[in-house]
>>> print(open('work.cif').read())   # mmCIF, C-alpha atoms
data_protein
#
loop_
_atom_site.group_PDB
_atom_site.id
_atom_site.type_symbol
_atom_site.label_atom_id
_atom_site.label_comp_id
_atom_site.auth_asym_id
_atom_site.auth_seq_id
_atom_site.Cartn_x
_atom_site.Cartn_y
_atom_site.Cartn_z
ATOM 1 C CA MET A 1 95.750 93.488 -67.026
ATOM 2 C CA THR A 2 93.837 96.696 -66.374
ATOM 3 C CA ILE A 3 90.972 98.456 -68.142
ATOM 4 C CA LEU A 4 90.885 102.262 -67.799
ATOM 5 C CA VAL A 5 87.424 103.872 -67.879
ATOM 6 C CA THR A 6 87.210 107.593 -68.643
ATOM 7 C CA GLY A 7 84.065 109.556 -67.816
ATOM 8 C CA ALA A 8 83.683 107.055 -65.012
ATOM 9 C CA THR A 9 81.324 109.039 -62.761
ATOM 10 C CA GLY A 10 78.862 109.876 -65.547
ATOM 11 C CA THR A 11 75.607 108.231 -66.606
ATOM 12 C CA VAL A 12 77.265 105.665 -68.883
ATOM 13 C CA GLY A 13 80.739 105.466 -67.342
ATOM 14 C CA ARG A 14 79.421 104.422 -63.948
ATOM 15 C CA GLN A 15 77.440 101.619 -65.600
ATOM 16 C CA VAL A 16 80.542 100.475 -67.475
ATOM 17 C CA VAL A 17 82.575 100.321 -64.259
ATOM 18 C CA GLU A 18 79.906 98.297 -62.448
ATOM 19 C CA GLN A 19 79.460 95.864 -65.324
ATOM 20 C CA LEU A 20 83.217 95.330 -65.648
ATOM 21 C CA VAL A 21 83.524 94.612 -61.925
ATOM 22 C CA LYS A 22 80.689 92.070 -62.195
ATOM 23 C CA ARG A 23 82.711 90.322 -64.894
ATOM 24 C CA GLY A 24 85.858 90.135 -62.791
ATOM 25 C CA ALA A 25 87.900 92.764 -64.647
ATOM 26 C CA ASP A 26 90.639 94.880 -63.071
ATOM 27 C CA VAL A 27 89.264 98.395 -63.400
ATOM 28 C CA ARG A 28 90.885 101.804 -63.066
ATOM 29 C CA ALA A 29 88.540 104.814 -63.177
ATOM 30 C CA LEU A 30 89.661 108.282 -64.266
ATOM 31 C CA VAL A 31 87.793 110.935 -62.249
ATOM 32 C CA ARG A 32 88.182 114.653 -61.652
ATOM 33 C CA ASP A 33 86.834 114.472 -58.108
ATOM 34 C CA PRO A 34 87.566 111.280 -56.132
ATOM 35 C CA ALA A 35 84.892 112.311 -53.612
ATOM 36 C CA LYS A 36 82.291 111.522 -56.277
ATOM 37 C CA ALA A 37 83.771 108.113 -57.088
ATOM 38 C CA ASN A 38 81.730 105.751 -54.870
ATOM 39 C CA PHE A 39 82.665 102.736 -56.986
ATOM 40 C CA PRO A 40 82.435 99.035 -56.140
ATOM 41 C CA THR A 41 85.203 97.540 -54.030
ATOM 42 C CA GLY A 42 88.394 96.891 -55.949
ATOM 43 C CA VAL A 43 88.122 99.754 -58.453
ATOM 44 C CA ILE A 44 91.302 101.847 -58.509
ATOM 45 C CA VAL A 45 90.604 105.588 -58.704
ATOM 46 C CA ALA A 46 92.962 107.762 -60.762
ATOM 47 C CA GLN A 47 92.462 111.500 -60.322
ATOM 48 C CA GLY A 48 92.807 113.658 -63.422
ATOM 49 C CA ASP A 49 91.138 114.667 -66.658
ATOM 50 C CA LEU A 50 91.662 114.384 -70.377
ATOM 51 C CA LEU A 51 93.413 117.758 -70.709
ATOM 52 C CA ASP A 52 95.873 117.094 -67.893
ATOM 53 C CA VAL A 53 98.616 115.277 -69.766
ATOM 54 C CA ASP A 54 100.598 114.274 -66.686
ATOM 55 C CA SER A 55 97.615 112.838 -64.812
ATOM 56 C CA LEU A 56 96.349 111.017 -67.902
ATOM 57 C CA ARG A 57 99.817 109.614 -68.606
ATOM 58 C CA GLY A 58 99.901 108.268 -65.050
ATOM 59 C CA ALA A 59 96.379 106.822 -65.330
ATOM 60 C CA LEU A 60 97.321 104.983 -68.537
ATOM 61 C CA SER A 61 100.461 103.413 -67.087
ATOM 62 C CA GLY A 62 100.079 99.628 -67.052
ATOM 63 C CA VAL A 63 96.694 99.759 -68.809
ATOM 64 C CA SER A 64 95.900 97.224 -71.512
ATOM 65 C CA THR A 65 92.469 98.405 -72.720
ATOM 66 C CA LEU A 66 90.862 101.876 -72.749
ATOM 67 C CA PHE A 67 87.203 102.869 -72.605
ATOM 68 C CA LEU A 68 87.167 106.363 -74.107
ATOM 69 C CA LEU A 69 84.169 108.547 -73.344
ATOM 70 C CA ASN A 70 84.326 112.302 -73.932
ATOM 71 C CA ALA A 71 81.734 114.647 -72.494
ATOM 72 C CA VAL A 72 80.088 117.195 -74.802
ATOM 73 C CA VAL A 73 82.443 120.110 -74.189
ATOM 74 C CA ALA A 74 83.901 122.756 -76.476
ATOM 75 C CA ASP A 75 87.285 121.018 -76.674
ATOM 76 C CA GLU A 76 85.954 117.453 -76.939
ATOM 77 C CA PHE A 77 87.979 116.671 -80.076
ATOM 78 C CA THR A 78 91.233 117.901 -78.514
ATOM 79 C CA GLN A 79 90.579 115.837 -75.397
ATOM 80 C CA ALA A 80 90.050 112.702 -77.455
ATOM 81 C CA LEU A 81 93.190 113.199 -79.555
ATOM 82 C CA ILE A 82 95.327 113.766 -76.465
ATOM 83 C CA ALA A 83 93.898 110.581 -74.942
ATOM 84 C CA LEU A 84 94.541 108.567 -78.125
ATOM 85 C CA ASN A 85 98.122 109.792 -78.449
ATOM 86 C CA LEU A 86 98.908 109.124 -74.796
ATOM 87 C CA ALA A 87 97.282 105.691 -75.047
ATOM 88 C CA ARG A 88 99.492 104.816 -78.002
ATOM 89 C CA GLU A 89 102.529 106.170 -76.133
ATOM 90 C CA ALA A 90 101.623 103.892 -73.183
ATOM 91 C CA GLY A 91 101.371 100.846 -75.440
ATOM 92 C CA VAL A 92 97.578 100.544 -75.233
ATOM 93 C CA GLU A 93 96.337 98.814 -78.374
ATOM 94 C CA ARG A 94 92.707 98.011 -77.484
ATOM 95 C CA ILE A 95 90.021 100.682 -77.291
ATOM 96 C CA VAL A 96 86.276 100.859 -76.987
ATOM 97 C CA TYR A 97 85.115 104.347 -77.971
ATOM 98 C CA LEU A 98 81.684 105.819 -77.265
ATOM 99 C CA SER A 99 80.714 107.753 -80.373
ATOM 100 C CA VAL A 100 77.139 108.452 -81.514
ATOM 101 C CA ILE A 101 74.796 106.995 -84.113
ATOM 102 C CA HIS A 102 74.791 108.849 -87.453
ATOM 103 C CA SER A 103 78.033 110.648 -86.590
ATOM 104 C CA ASP A 104 78.746 110.540 -90.331
ATOM 105 C CA LEU A 105 75.258 111.835 -91.233
ATOM 106 C CA TYR A 106 74.666 114.695 -88.773
ATOM 107 C CA VAL A 107 77.736 116.440 -90.218
ATOM 108 C CA ASN A 108 76.710 119.974 -89.181
ATOM 109 C CA VAL A 109 76.145 119.105 -85.506
ATOM 110 C CA PRO A 110 79.357 119.934 -83.610
ATOM 111 C CA HIS A 111 79.447 117.085 -81.119
ATOM 112 C CA PHE A 112 78.482 114.540 -83.803
ATOM 113 C CA ALA A 113 81.105 115.805 -86.256
ATOM 114 C CA GLY A 114 83.718 115.785 -83.488
ATOM 115 C CA LYS A 115 82.980 112.171 -82.645
ATOM 116 C CA PHE A 116 83.189 111.192 -86.319
ATOM 117 C CA GLY A 117 86.602 112.851 -86.433
ATOM 118 C CA VAL A 118 87.702 110.755 -83.449
ATOM 119 C CA GLU A 119 86.441 107.609 -85.192
ATOM 120 C CA ARG A 120 88.612 108.441 -88.195
ATOM 121 C CA MET A 121 91.655 109.038 -85.982
ATOM 122 C CA ILE A 122 91.142 105.690 -84.239
ATOM 123 C CA GLU A 123 91.145 104.000 -87.635
ATOM 124 C CA GLN A 124 94.126 105.948 -88.952
ATOM 125 C CA MET A 125 96.176 105.278 -85.798
ATOM 126 C CA GLY A 126 95.575 101.546 -86.177
ATOM 127 C CA PHE A 127 93.959 100.786 -82.842
ATOM 128 C CA ASN A 128 92.265 97.447 -82.205
ATOM 129 C CA ALA A 129 88.911 99.100 -81.527
ATOM 130 C CA THR A 130 85.179 98.819 -81.155
ATOM 131 C CA ILE A 131 83.310 102.020 -81.944
ATOM 132 C CA LEU A 132 79.964 102.123 -80.182
ATOM 133 C CA ARG A 133 77.382 104.415 -81.767
ATOM 134 C CA PRO A 134 74.476 104.948 -79.361
ATOM 135 C CA ALA A 135 71.214 106.606 -80.290
ATOM 136 C CA TYR A 136 69.425 109.040 -77.958
ATOM 137 C CA PHE A 137 69.744 108.047 -74.297
ATOM 138 C CA MET A 138 66.254 107.622 -72.867
ATOM 139 C CA ASN A 139 67.845 108.596 -69.525
ATOM 140 C CA ASN A 140 68.162 112.143 -70.907
ATOM 141 C CA ASP A 141 64.440 112.389 -70.270
ATOM 142 C CA LEU A 142 65.039 112.357 -66.515
ATOM 143 C CA THR A 143 65.759 116.069 -66.988
ATOM 144 C CA ILE A 144 62.214 116.742 -68.206
ATOM 145 C CA LYS A 145 60.249 114.342 -65.998
ATOM 146 C CA ASP A 146 58.872 117.239 -63.907
ATOM 147 C CA VAL A 147 57.440 118.834 -67.041
ATOM 148 C CA VAL A 148 55.775 115.549 -67.995
ATOM 149 C CA LEU A 149 54.483 114.789 -64.508
ATOM 150 C CA GLY A 150 53.612 118.341 -63.486
ATOM 151 C CA HIS A 151 52.438 119.971 -66.717
ATOM 152 C CA GLY A 152 51.218 117.047 -68.802
ATOM 153 C CA VAL A 153 53.535 117.740 -71.727
ATOM 154 C CA TYR A 154 56.420 115.795 -73.281
ATOM 155 C CA PRO A 155 58.588 118.760 -74.308
ATOM 156 C CA MET A 156 61.470 117.221 -76.283
ATOM 157 C CA PRO A 157 61.193 118.216 -79.978
ATOM 158 C CA ILE A 158 62.055 114.817 -81.432
ATOM 159 C CA GLY A 159 59.680 114.913 -84.386
ATOM 160 C CA SER A 160 57.890 112.263 -86.425
ATOM 161 C CA LYS A 161 60.762 110.333 -88.048
ATOM 162 C CA GLY A 162 61.500 108.361 -84.881
ATOM 163 C CA LEU A 163 64.425 107.828 -82.501
ATOM 164 C CA ALA A 164 65.633 104.363 -81.481
ATOM 165 C CA MET A 165 66.112 105.415 -77.835
ATOM 166 C CA ILE A 166 68.358 103.240 -75.661
ATOM 167 C CA ASP A 167 68.722 102.863 -71.895
ATOM 168 C CA ALA A 168 72.143 103.883 -70.535
ATOM 169 C CA ARG A 169 72.239 100.644 -68.525
ATOM 170 C CA ASP A 170 72.199 98.687 -71.773
ATOM 171 C CA ILE A 171 74.960 100.909 -73.195
ATOM 172 C CA GLY A 172 77.109 100.257 -70.130
ATOM 173 C CA GLU A 173 76.617 96.510 -70.295
ATOM 174 C CA ILE A 174 77.354 96.277 -74.022
ATOM 175 C CA ALA A 175 80.462 98.426 -73.564
ATOM 176 C CA ALA A 176 81.672 96.125 -70.771
ATOM 177 C CA ILE A 177 81.065 93.044 -72.925
ATOM 178 C CA GLU A 178 83.118 94.572 -75.749
ATOM 179 C CA LEU A 179 85.909 95.687 -73.417
ATOM 180 C CA ILE A 180 86.180 92.183 -71.966
ATOM 181 C CA ARG A 181 86.075 90.619 -75.432
ATOM 182 C CA ARG A 182 88.988 92.746 -76.602
ATOM 183 C CA GLU A 183 90.884 92.490 -73.298
ATOM 184 C CA ARG A 184 90.793 88.691 -73.291
ATOM 185 C CA ALA A 185 91.353 88.082 -77.000
ATOM 186 C CA THR A 186 94.559 86.163 -77.740
ATOM 187 C CA GLY A 187 95.319 88.370 -80.750
ATOM 188 C CA PRO A 188 94.207 91.586 -82.432
ATOM 189 C CA LEU A 189 90.534 91.769 -83.390
ATOM 190 C CA PRO A 190 89.324 93.751 -86.419
ATOM 191 C CA LEU A 191 87.839 97.202 -85.964
ATOM 192 C CA ASP A 192 84.098 97.022 -85.431
ATOM 193 C CA ARG A 193 81.247 99.542 -85.310
ATOM 194 C CA ILE A 194 78.072 98.760 -83.393
ATOM 195 C CA ASN A 195 74.916 100.864 -83.446
ATOM 196 C CA LEU A 196 73.424 100.953 -79.950
ATOM 197 C CA VAL A 197 69.654 101.269 -80.194
ATOM 198 C CA GLY A 198 66.578 100.451 -78.179
ATOM 199 C CA PRO A 199 63.909 97.930 -79.155
ATOM 200 C CA ASP A 200 61.513 100.574 -80.539
ATOM 201 C CA THR A 201 61.858 103.561 -82.853
ATOM 202 C CA LEU A 202 59.615 106.220 -81.311
ATOM 203 C CA THR A 203 58.217 109.572 -82.442
ATOM 204 C CA GLY A 204 57.244 112.467 -80.209
ATOM 205 C CA ALA A 205 53.612 111.389 -80.427
ATOM 206 C CA ASP A 206 54.598 107.795 -79.547
ATOM 207 C CA ILE A 207 56.439 108.946 -76.418
ATOM 208 C CA ALA A 208 53.501 111.114 -75.320
ATOM 209 C CA ALA A 209 51.194 108.112 -75.804
ATOM 210 C CA ILE A 210 53.450 105.894 -73.675
ATOM 211 C CA TRP A 211 53.474 108.460 -70.875
ATOM 212 C CA SER A 212 49.668 108.767 -71.153
ATOM 213 C CA GLU A 213 49.257 105.003 -70.744
ATOM 214 C CA VAL A 214 51.771 104.726 -67.903
ATOM 215 C CA LEU A 215 50.330 107.671 -65.955
ATOM 216 C CA GLY A 216 46.666 107.030 -66.761
ATOM 217 C CA ARG A 217 46.087 110.585 -67.984
ATOM 218 C CA THR A 218 46.665 112.493 -71.182
ATOM 219 C CA ILE A 219 50.195 113.698 -71.866
ATOM 220 C CA ALA A 220 50.529 115.945 -74.913
ATOM 221 C CA TYR A 221 53.476 116.177 -77.298
ATOM 222 C CA GLY A 222 54.957 119.672 -77.099
ATOM 223 C CA GLY A 223 55.744 119.973 -80.790
ATOM 224 C CA ASP A 224 58.731 120.440 -83.075
ATOM 225 C CA ASP A 225 60.007 123.912 -82.160
ATOM 226 C CA ALA A 226 63.795 123.488 -81.992
ATOM 227 C CA GLY A 227 64.303 127.239 -81.561
ATOM 228 C CA ARG A 228 62.207 127.343 -78.410
ATOM 229 C CA PHE A 229 64.080 124.273 -77.155
ATOM 230 C CA GLU A 230 67.374 126.133 -77.611
ATOM 231 C CA GLN A 231 66.085 129.123 -75.654
ATOM 232 C CA ASN A 232 64.974 126.871 -72.789
ATOM 233 C CA LEU A 233 68.383 125.185 -72.684
ATOM 234 C CA ARG A 234 70.192 128.537 -72.563
ATOM 235 C CA GLN A 235 68.791 129.048 -69.070
ATOM 236 C CA PHE A 236 71.141 126.391 -67.671
ATOM 237 C CA MET A 237 73.902 125.725 -70.226
ATOM 238 C CA PRO A 238 76.291 127.806 -72.355
ATOM 239 C CA GLY A 239 74.887 129.310 -75.533
ATOM 240 C CA TRP A 240 77.185 127.281 -77.787
ATOM 241 C CA MET A 241 75.993 124.031 -76.205
ATOM 242 C CA ALA A 242 72.312 124.988 -76.431
ATOM 243 C CA TYR A 243 72.811 125.789 -80.109
ATOM 244 C CA ASP A 244 74.601 122.454 -80.636
ATOM 245 C CA MET A 245 71.562 120.701 -79.092
ATOM 246 C CA ARG A 246 69.221 122.700 -81.310
ATOM 247 C CA LEU A 247 71.129 121.585 -84.404
ATOM 248 C CA MET A 248 70.849 117.995 -83.195
ATOM 249 C CA CYS A 249 67.099 118.341 -82.708
ATOM 250 C CA GLU A 250 66.737 119.794 -86.196
ATOM 251 C CA ARG A 251 68.345 116.607 -87.519
ATOM 252 C CA PHE A 252 65.963 114.550 -85.373
ATOM 253 C CA LEU A 253 63.163 116.301 -87.257
ATOM 254 C CA THR A 254 64.611 115.800 -90.741
ATOM 255 C CA ASP A 255 66.390 112.441 -90.391
ATOM 256 C CA GLY A 256 65.450 110.747 -87.129
ATOM 257 C CA MET A 257 67.686 108.116 -85.530
ATOM 258 C CA ILE A 258 66.757 104.974 -87.387
ATOM 259 C CA PRO A 259 68.535 101.672 -86.690
ATOM 260 C CA ASP A 260 70.026 99.607 -89.468
ATOM 261 C CA ALA A 261 68.555 96.210 -90.318
ATOM 262 C CA GLY A 262 69.656 93.662 -87.745
ATOM 263 C CA ASP A 263 70.793 96.144 -85.060
ATOM 264 C CA VAL A 264 68.191 95.147 -82.476
ATOM 265 C CA GLU A 265 68.764 91.441 -83.063
ATOM 266 C CA ARG A 266 72.542 91.842 -82.767
ATOM 267 C CA LEU A 267 72.284 93.683 -79.439
ATOM 268 C CA THR A 268 69.721 91.248 -78.057
ATOM 269 C CA ALA A 269 72.066 88.365 -78.857
ATOM 270 C CA LEU A 270 75.030 90.227 -77.350
ATOM 271 C CA LEU A 271 73.166 90.865 -74.087
ATOM 272 C CA GLY A 272 71.415 87.514 -74.007
ATOM 273 C CA ARG A 273 68.168 89.290 -73.099
ATOM 274 C CA PRO A 274 65.732 91.857 -74.538
ATOM 275 C CA LEU A 275 66.742 95.501 -74.646
ATOM 276 C CA ARG A 276 65.066 97.777 -72.100
ATOM 277 C CA SER A 277 62.114 99.669 -73.559
ATOM 278 C CA TYR A 278 61.008 103.269 -73.133
ATOM 279 C CA ARG A 279 57.824 101.962 -71.536
ATOM 280 C CA ASP A 280 59.977 100.228 -68.885
ATOM 281 C CA PHE A 281 61.867 103.486 -68.331
ATOM 282 C CA ALA A 282 58.702 105.594 -68.024
ATOM 283 C CA SER A 283 57.128 103.046 -65.669
ATOM 284 C CA GLU A 284 60.176 103.209 -63.376
ATOM 285 C CA ILE A 285 59.939 107.001 -63.199
ATOM 286 C CA ALA A 286 56.193 106.912 -62.565
ATOM 287 C CA ALA A 287 56.643 104.328 -59.793
ATOM 288 C CA SER A 288 59.263 106.460 -58.027
ATOM 289 C CA ALA A 289 57.422 109.774 -58.407
#
>>> encode(input="work.cif", output="structure tokens")
Amino acid sequence: MTILVTGATGTVGRQVVEQLVKRGADVRALVRDPAKANFPTGVIVAQGDLLDVDSLRGALSGVSTLFLLNAVVADEFTQALIALNLAREAGVERIVYLSVIHSDLYVNVPHFAGKFGVERMIEQMGFNATILRPAYFMNNDLTIKDVVLGHGVYPMPIGSKGLAMIDARDIGEIAAIELIRRERATGPLPLDRINLVGPDTLTGADIAAIWSEVLGRTIAYGGDDAGRFEQNLRQFMPGWMAYDMRLMCERFLTDGMIPDAGDVERLTALLGRPLRSYRDFASEIAASA
């Protein structure tokens, strides 16, 4: 039977595809541009996107399990509902959905609220599903590495409550493990939610201190100005998206992204190894700079 991976050329989706192939799964990858596919041997590429009903219907034909990942776009909720309806129409009963931690807490943040809506639809539609709720991807910080390395400042306004940052490689591996578990189960498994977190809950000052140690020079924390962060983002993304990110950062400042008791232990047991740390991530960037 076949597992369909959406968002397959992205940061997480590509990791999911690779981890599934390592585990001997039959993988079909939904991509907009096959030229960007570059997947391991054996992966079937299906061209299309989540708003193209005909292409998505074709991609879902013969699929037994779906990995649903929606990019942060203005019509994210519509995309997800179309995918869920077409999956049900195709007879797909098993889903692993990539949501976000605190989707039910950050209720004013558009892309969090949208994902919580999708979670509710998955439940209401009766899918045999695992809902993965990742915290902040440490890989997001690749976008600001030049500021850290060149200007000596960690500019992300993440505050003093702490974020349990996770490496996208760990997300991809956990997603693959869950997809395989559901794919190979002899009967329906109950709906499950899993918080995906890193081994440490880190503040802005903590991150700056890690960079300082890794680089051997002082890196300052840029502070908690979410408004300035929004203005910086508007230089290379739509205004609505920059504002969405600002709202998220404001919730970082007031609430943080704190794991529940037992989250780290559960993920460590699932992976059979320690979670990757932010220090590991920063060291990799420093070594390749």
>>> resolve_selection(input="work.cif", expression="the PyMOL selection byres ((chain A and resi 270-282) around 9)", output="count of residues only")
31
>>> resolve_selection(input="work.cif", expression="the PyMOL selection byres ((chain A and resi 248) around 9)", output="list of chain:residue names")
A:Tyr106, A:Asn108, A:Val109, A:Pro110, A:His111, A:Phe112, A:Tyr243, A:Asp244, A:Met245, A:Arg246, A:Leu247, A:Cys249, A:Glu250, A:Arg251, A:Phe252, A:Leu253
>>> atom_distance(input="work.cif", atom1="CA of Gly159 in chain A", atom2="CA of Ala205 in chain A")
8.1 Å
>>> atom_distance(input="work.cif", atom1="CA of Asn85 in chain A", atom2="CA of Gly62 in chain A")
15.4 Å
>>> residues_around(input="work.cif", residues="range 15-28 of chain A", least_positions_apart="6", cutoff="6 Å", atoms="only C-alpha atoms", output="ChimeraX atom specification")
/A:2-4,43-45,172-173,176
>>> residues_around(input="work.cif", residues="Gly204 in chain A", least_positions_apart="3", cutoff="8 Å", atoms="all atoms listed in the file", output="list of chain:residue names")
A:Tyr154, A:Met156, A:Pro157, A:Ile158, A:Gly159, A:Ser160, A:Gly162, A:Ile207, A:Ala208, A:Tyr221, A:Gly223
>>> residues_near_point(input="work.cif", point="(77.9, 108.5, -84.0)", cutoff="8 Å", atoms="all atoms listed in the file", output="VMD selection string")
chain A and resid 99 to 104 112 115 to 116 132 to 135
>>> resolve_selection(input="work.cif", expression="the PyMOL selection byres ((chain A and resi 184-188) around 12)", output="PyMOL selection string")
chain A and resi 1-3+23-26+64-65+92-95+126-130+177-183+189-192
>>> closest_residue(input="work.cif", among="A:Ala209, A:Leu196, A:Leu50, A:Ile258", to="Thr78 in chain A", atoms="all atoms listed in the file")
A:Leu50
>>> atom_distance(input="work.cif", atom1="CA of Ile219 in chain A", atom2="CA of Ile144 in chain A")
12.9 Å
